[in-house]
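Trainee: This is the structure, below, for whatever I ask next.
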Amino acid sequence: MRLKAETHRTTRRSVKTLSTTLLPFLIAFTLALNGCSLLPSQLEKIAGIAGTPNAFSSVATATVAPPSQSTAALVKERSKLRVGIRFDAPPLASVNADGKLEGMDVDITREFARRWLGSPDNVEFVQTTSASAPRMIERREVDFALGGLVETKAASAHADFGLTYMYDGEAVLVRTGSYADFPSLARRNVTYIDLPSTNALSDAQISNNITVTLQSAPSYAAAIRQLRDAQTDAVVGRWRRLRTEAGRDPALTVLTLFQREPVAIMLPRNDSDWSALVNITLSALVADGTFASIYKKWFNQLPEPVYPLPNAIDIQLATLPDKITPHDALSRVRGSTSVRIGFIAQADPLATLDANGEVVGFEVDLCRELARRWFQNPSVAEFTAVPAGDVAGLLRSNAIDMAIGGMARTQANSRVMDFSSITYQSGVGIAVLETSTTNDVSTLNGKVVGSIQGKADADVLTAIARARNLKITTRPYAELETMIDALRNGEIDGVLADQAALIALARTAKDIRVLSERLNNLPIGIALARDDSTFKAFVNLTLQEFFTDGTYAFLYKKWFGTAPPDMDIWPGEATVQTVLIAPTGTPLATVTPVFSVLDTPVPIQIPPTPLPTPTPKK
C-alpha cells in the first residue's frame, strides 16, 4: 500500500506539472492551427446545432469593441446576446444526442434574452472553455460567459464575475447507506473519470491518513454503472455531475465534498452597468422562483440557498448608457503609497469612533491589514468620516479609494458603486434578555417582538412567522434605545434590528443576547468606485489571502466572538502581485501574514450616543 500511495503521489505531481506548464501552450498551439476554439472532430460532432432556434458559432465574428463602448451598447446594436458557453459541462451546458445545446445555464441565458430583448431566441452561443473564456471576455468577443465557470484567482486578472449561483468542486459518490464518511473508504475501490479529480482525492487521503485503490472509467456513465453493479465502492468526480446522479437515483448519495468552488457568470471588466443588469436580473430569477424551477429541471432537486442582491429595483437594458469611463484607483494608491478610506462613523462593530476619537472596528482592521500587506505599513490607511449619502460621489470623484461602515451590497447601491467580495453577512437579527429561554424564531411563538418604526424588519418577521405557522406580534418603537428599555422592563420578549448593531450592543451589555438565526441576508462589502476592475481584483485577491491564511478568522472572532462562516475560496494561483511597494521603495516578493499589528484586542467603547445604562464587559 505504501508503494501504491507513493506512485499515486508521483503521478499527481506529474499531472500538475503538465497542467501548469504545458497545457496553456498546447491549447494556444491547437487554436492557432485550427483558427478557432473547436477541433475538426468537434465541429463535425456538433454541426447539427446550427439549425436550432438558439444558433451558436465556434468563433465570434464581431470586431473588438473599443474600451469606451459599453456592453449594453453592443447588445442593443445587434439586438442579440453573444454568449460564451462551455459545451462539455452537463447538466449546465452540453450537446445532446440530437446535436442541440441544452442545460441549466442555457435556459438561464435564454431567460435573460427573454427579459432583456423580448425573446429567448435572441442569443448566439459561442463555444468556450474554462481556459479560453477569460481571454474571450477580455477581448469583448462575448457579452458574458458561463457553463459551470469557476471563479478563480487567475481569471480575476481578465474578467469580473457576477453573483455566485451554485457551487462545484470534487466530490465522492457512493451507494446510499454503504459508507458513513470518507475515512471509511480506506482500502476500498474508488473510480475516477478525470485525472484532476485524483488531486483532491490524494489530498484527502493524506489528511485522513488512509489509502484507497484507484481504478479508472472512460466516462461518468461507465463509472456510475460500476458503482451500481458494486464493481467499485465510490466514484470521485465533479460535484455537479455526481449530485445530478444522486438527484435521479435515491440509491446513490454524495458522501463528501473535497473542495467547494464558486460558480458564477463571467463578465467584462470595467462595465459596472452591465454587471448590475446581470446580477439584478439573476436576483429576480431567484426571487420569483424561476431559478429554482430551472435548477430542479436539470438536477431533479432544489438548489442550495442562493442569496440575491436585496431590495429589488427595476433595471432595463434600454436605459443603460452606451459609454463607460474606466476608473483607476490603483495607480493613485501605488503612486502615493496611501489608502484613503471613507467610513460611516456609527456602524459599530464594523466601523466607529471610540471614546478617544480613534476609528475602530472589524472593517477598520481589515483595511489596516490591506495596507500592511500592500505597503508593510498599516498606518498608510487614512480614515475619514463621511456621510453615507456622499460615498458614491466621493468614490467617483477619486476623493476616496474605498468606503466601509456597513456598506450594503443592495440592488440600488450596485447602480452607483461597486463592491469587493462580501466581508460580512448582516441582516435582521433578534436580541433577547440573557435569561430568556428563546433560542430561535420558533420559540417566539405567542410572544411580542419590538421593531423600529419605518423599517421593514417587522415585515420580514411576519412573513417568516406566516410561513412557519407561528403567531408572533410585532410592536413598533421610535428607536433602538426605547426598545431595549421595553425589553428590560418585560414589555416585549425580543427586539428586531440589524444583527451587527445588536452584536455591538450585546458586547457592552451583559444582560442582552443575540440569537444566531438571521432572518434575511444583507451582504456587506468594501465599497469601491464603479468601472474599476483592476483595483477591485487587487482588493479581492488580498481578501482571498485573508480567507485562507487565518487573518479573516482571527479578526472575525475578535469582533464577533465566534468563528466566521465559510467564505468563498477562489481556487488556483493569482497572476497579480498583491504587494505594491516597501517603505524603502523596493518591490516586495512576499509578505508573511502576521498578527503583530492586530493581536491586541482594541478596547471598544460605546458610541457617543450611548444606550441606556450599558455595563462594559471585563
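Chain identifiers are assigned as A, B, and so on, following the order in which chains appear in the C-alpha cells; residues are numbered from 1 within each chain, and ligands are numbered from 1 in order of appearance.
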I want to know what sits within 12 Å of Thr438 of chain A, based on only C-alpha atoms, with residues of the same chain fewer than 3 positions away left out; could you give that as a PyMOL selection string?
Mentor: chain A and resi 430-435+441-449+493-495+513-517
Trainee: Could you pull out all residues of segment 231-445 of chain A with a DSSP call of alpha helix (DSSP H) and give them as a PyMOL selection string?
Mentor: chain A and resi 239-248+272-287+290-299+329-336+362-375+391-396
Trainee: According to DSSP computed on the backbone, where in segment 256-306 of chain A is there strand (DSSP E or B)? Give the residues as a PDB file with N, CA and C atoms, in the first residue's frame.
Mentor:
```
ATOM      1  N   THR A 256     -19.110  13.024   0.324  1.00  0.00           N
ATOM      2  CA  THR A 256     -18.317  14.147   0.827  1.00  0.00           C
ATOM      3  C   THR A 256     -17.910  15.052  -0.321  1.00  0.00           C
ATOM      4  N   LEU A 257     -17.675  16.296   0.024  1.00  0.00           N
ATOM      5  CA  LEU A 257     -17.190  17.291  -0.935  1.00  0.00           C
ATOM      6  C   LEU A 257     -15.790  17.694  -0.508  1.00  0.00           C
ATOM      7  N   GLU A 261     -16.170  25.106  -4.841  1.00  0.00           N
ATOM      8  CA  GLU A 261     -15.726  26.109  -5.799  1.00  0.00           C
ATOM      9  C   GLU A 261     -16.913  26.954  -6.272  1.00  0.00           C
ATOM     10  N   PRO A 262     -16.842  28.290  -6.123  1.00  0.00           N
ATOM     11  CA  PRO A 262     -17.959  29.142  -6.533  1.00  0.00           C
ATOM     12  C   PRO A 262     -18.099  29.229  -8.050  1.00  0.00           C
ATOM     13  N   VAL A 263     -19.309  29.037  -8.527  1.00  0.00           N
ATOM     14  CA  VAL A 263     -19.624  29.125  -9.956  1.00  0.00           C
ATOM     15  C   VAL A 263     -20.414  30.406 -10.196  1.00  0.00           C
ATOM     16  N   ALA A 264     -19.993  31.181 -11.182  1.00  0.00           N
ATOM     17  CA  ALA A 264     -20.633  32.472 -11.434  1.00  0.00           C
ATOM     18  C   ALA A 264     -20.544  32.804 -12.920  1.00  0.00           C
ATOM     19  N   ILE A 265     -21.278  33.828 -13.327  1.00  0.00           N
ATOM     20  CA  ILE A 265     -21.236  34.304 -14.703  1.00  0.00           C
ATOM     21  C   ILE A 265     -20.012  35.200 -14.869  1.00  0.00           C
ATOM     22  N   MET A 266     -19.227  34.923 -15.900  1.00  0.00           N
ATOM     23  CA  MET A 266     -18.034  35.715 -16.175  1.00  0.00           C
ATOM     24  C   MET A 266     -18.427  36.934 -16.997  1.00  0.00           C
ATOM     25  N   LEU A 267     -17.935  38.113 -16.574  1.00  0.00           N
ATOM     26  CA  LEU A 267     -18.391  39.381 -17.146  1.00  0.00           C
ATOM     27  C   LEU A 267     -17.215  40.237 -17.603  1.00  0.00           C
TER      28      LEU A 267
END
```
Trainee: Enter the distance from atom CA of Asp532 of chain A to atom CA of Gly162 of chain A, in Å, rounded to one decimal.
Mentor: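 According to the coordinates, atom CA of Asp532 of chain A and atom CA of Gly162 of chain A are separated by 14.7 Å.
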Trainee: Near Gln499 of chain A, within 8 Å and counting only C-alpha atoms, which residues show up once chain neighbours fewer than 4 positions away are dropped, as JSON, numbers by chain?
Mentor: {"A": [426, 427, 428, 429, 430, 503, 514, 518]}
Trainee: Could you save the residues just selected, with C-alpha atoms, as a PDB file, in the first residue's frame?
Mentor:
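Dumped everything to out-v2.pdb:
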```
ATOM      1  CA  SER A 426     -25.655  41.033   8.068  1.00  0.00           C
ATOM      2  CA  GLY A 427     -29.441  41.122   8.101  1.00  0.00           C
ATOM      3  CA  VAL A 428     -32.333  41.377  10.522  1.00  0.00           C
ATOM      4  CA  GLY A 429     -31.416  39.851  13.861  1.00  0.00           C
ATOM      5  CA  ILE A 430     -33.201  39.215  17.151  1.00  0.00           C
ATOM      6  CA  ILE A 503     -23.951  42.241  18.348  1.00  0.00           C
ATOM      7  CA  VAL A 514     -28.282  37.926  20.162  1.00  0.00           C
ATOM      8  CA  ARG A 518     -30.618  35.747  10.918  1.00  0.00           C
TER       9      ARG A 518
END
```
Trainee: Leaving out Phe299 of chain A and any residue of its chain fewer than 6 positions from it, which residues lie within 8 Å of it when counting only C-alpha atoms, given as a list of chain:residue names?
Mentor: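 Near neighbours after the sequence-gap exclusion: A:Pro91, A:Arg243, A:Thr244, A:Gly247, A:Arg248.
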Trainee: Any chance you could export the current selection's C-alpha atoms as a compact mmCIF listing (two decimals), in the first residue's frame?
Mentor:
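File out_4.txt, as written:
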```txt
# COMPACT_ATOMS: atom_id res chain seq x y z
CA PRO A 91 -26.10 19.39 -16.74
CA ARG A 243 -25.30 15.34 -7.40
CA THR A 244 -27.22 15.08 -10.67
CA GLY A 247 -30.93 13.54 -7.58
CA ARG A 248 -32.11 10.99 -10.13
```
Trainee: Need the shell around segment 218-223 of chain A: protein/DNA/RNA residues with any atom at most 9 Å away, counting only C-alpha atoms. Skip same-chain ones fewer than 6 positions apart. Format as a PyMOL selection string?
Mentor: chain A and resi 191-194+232+234-235+237+241-242
Trainee: List the neighbours of Phe535 of chain A out to 9 Å using only C-alpha atoms; skip same-chain residues closer than 6 positions along the sequence, and give me the result as number ranges by chain.
Mentor: A: 327-331, 528-529
Trainee: Measuring atom to atom with only C-alpha atoms, identify which of A:Leu149, A:Leu502, A:Ala217, A:Ala553 is nearest to Ala93 of chain A.
Mentor: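 Closest candidate: A:Leu149.
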Trainee: Could you pull the residues within 6 Å of segment 66-75 of chain A, counting only C-alpha atoms, minus those fewer than 5 positions along the same chain, as a PyMOL selection string?
Mentor: chain A and resi 80-81+322-324
Trainee: In Å, with one decimal, what is the gap from atom CA of Leu350 of chain A to atom CA of Asp365 of chain A?
Mentor: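 Atom-to-atom, atom CA of Leu350 of chain A to atom CA of Asp365 of chain A, that is 9.0 Å.
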Trainee: Can you tell me how far atom CA of Ala65 of chain A sits from atom CA of Arg140 of chain A, in Å to one decimal?
Mentor: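 Spanning atom CA of Ala65 of chain A to atom CA of Arg140 of chain A is a straight-line distance of 6.3 Å.
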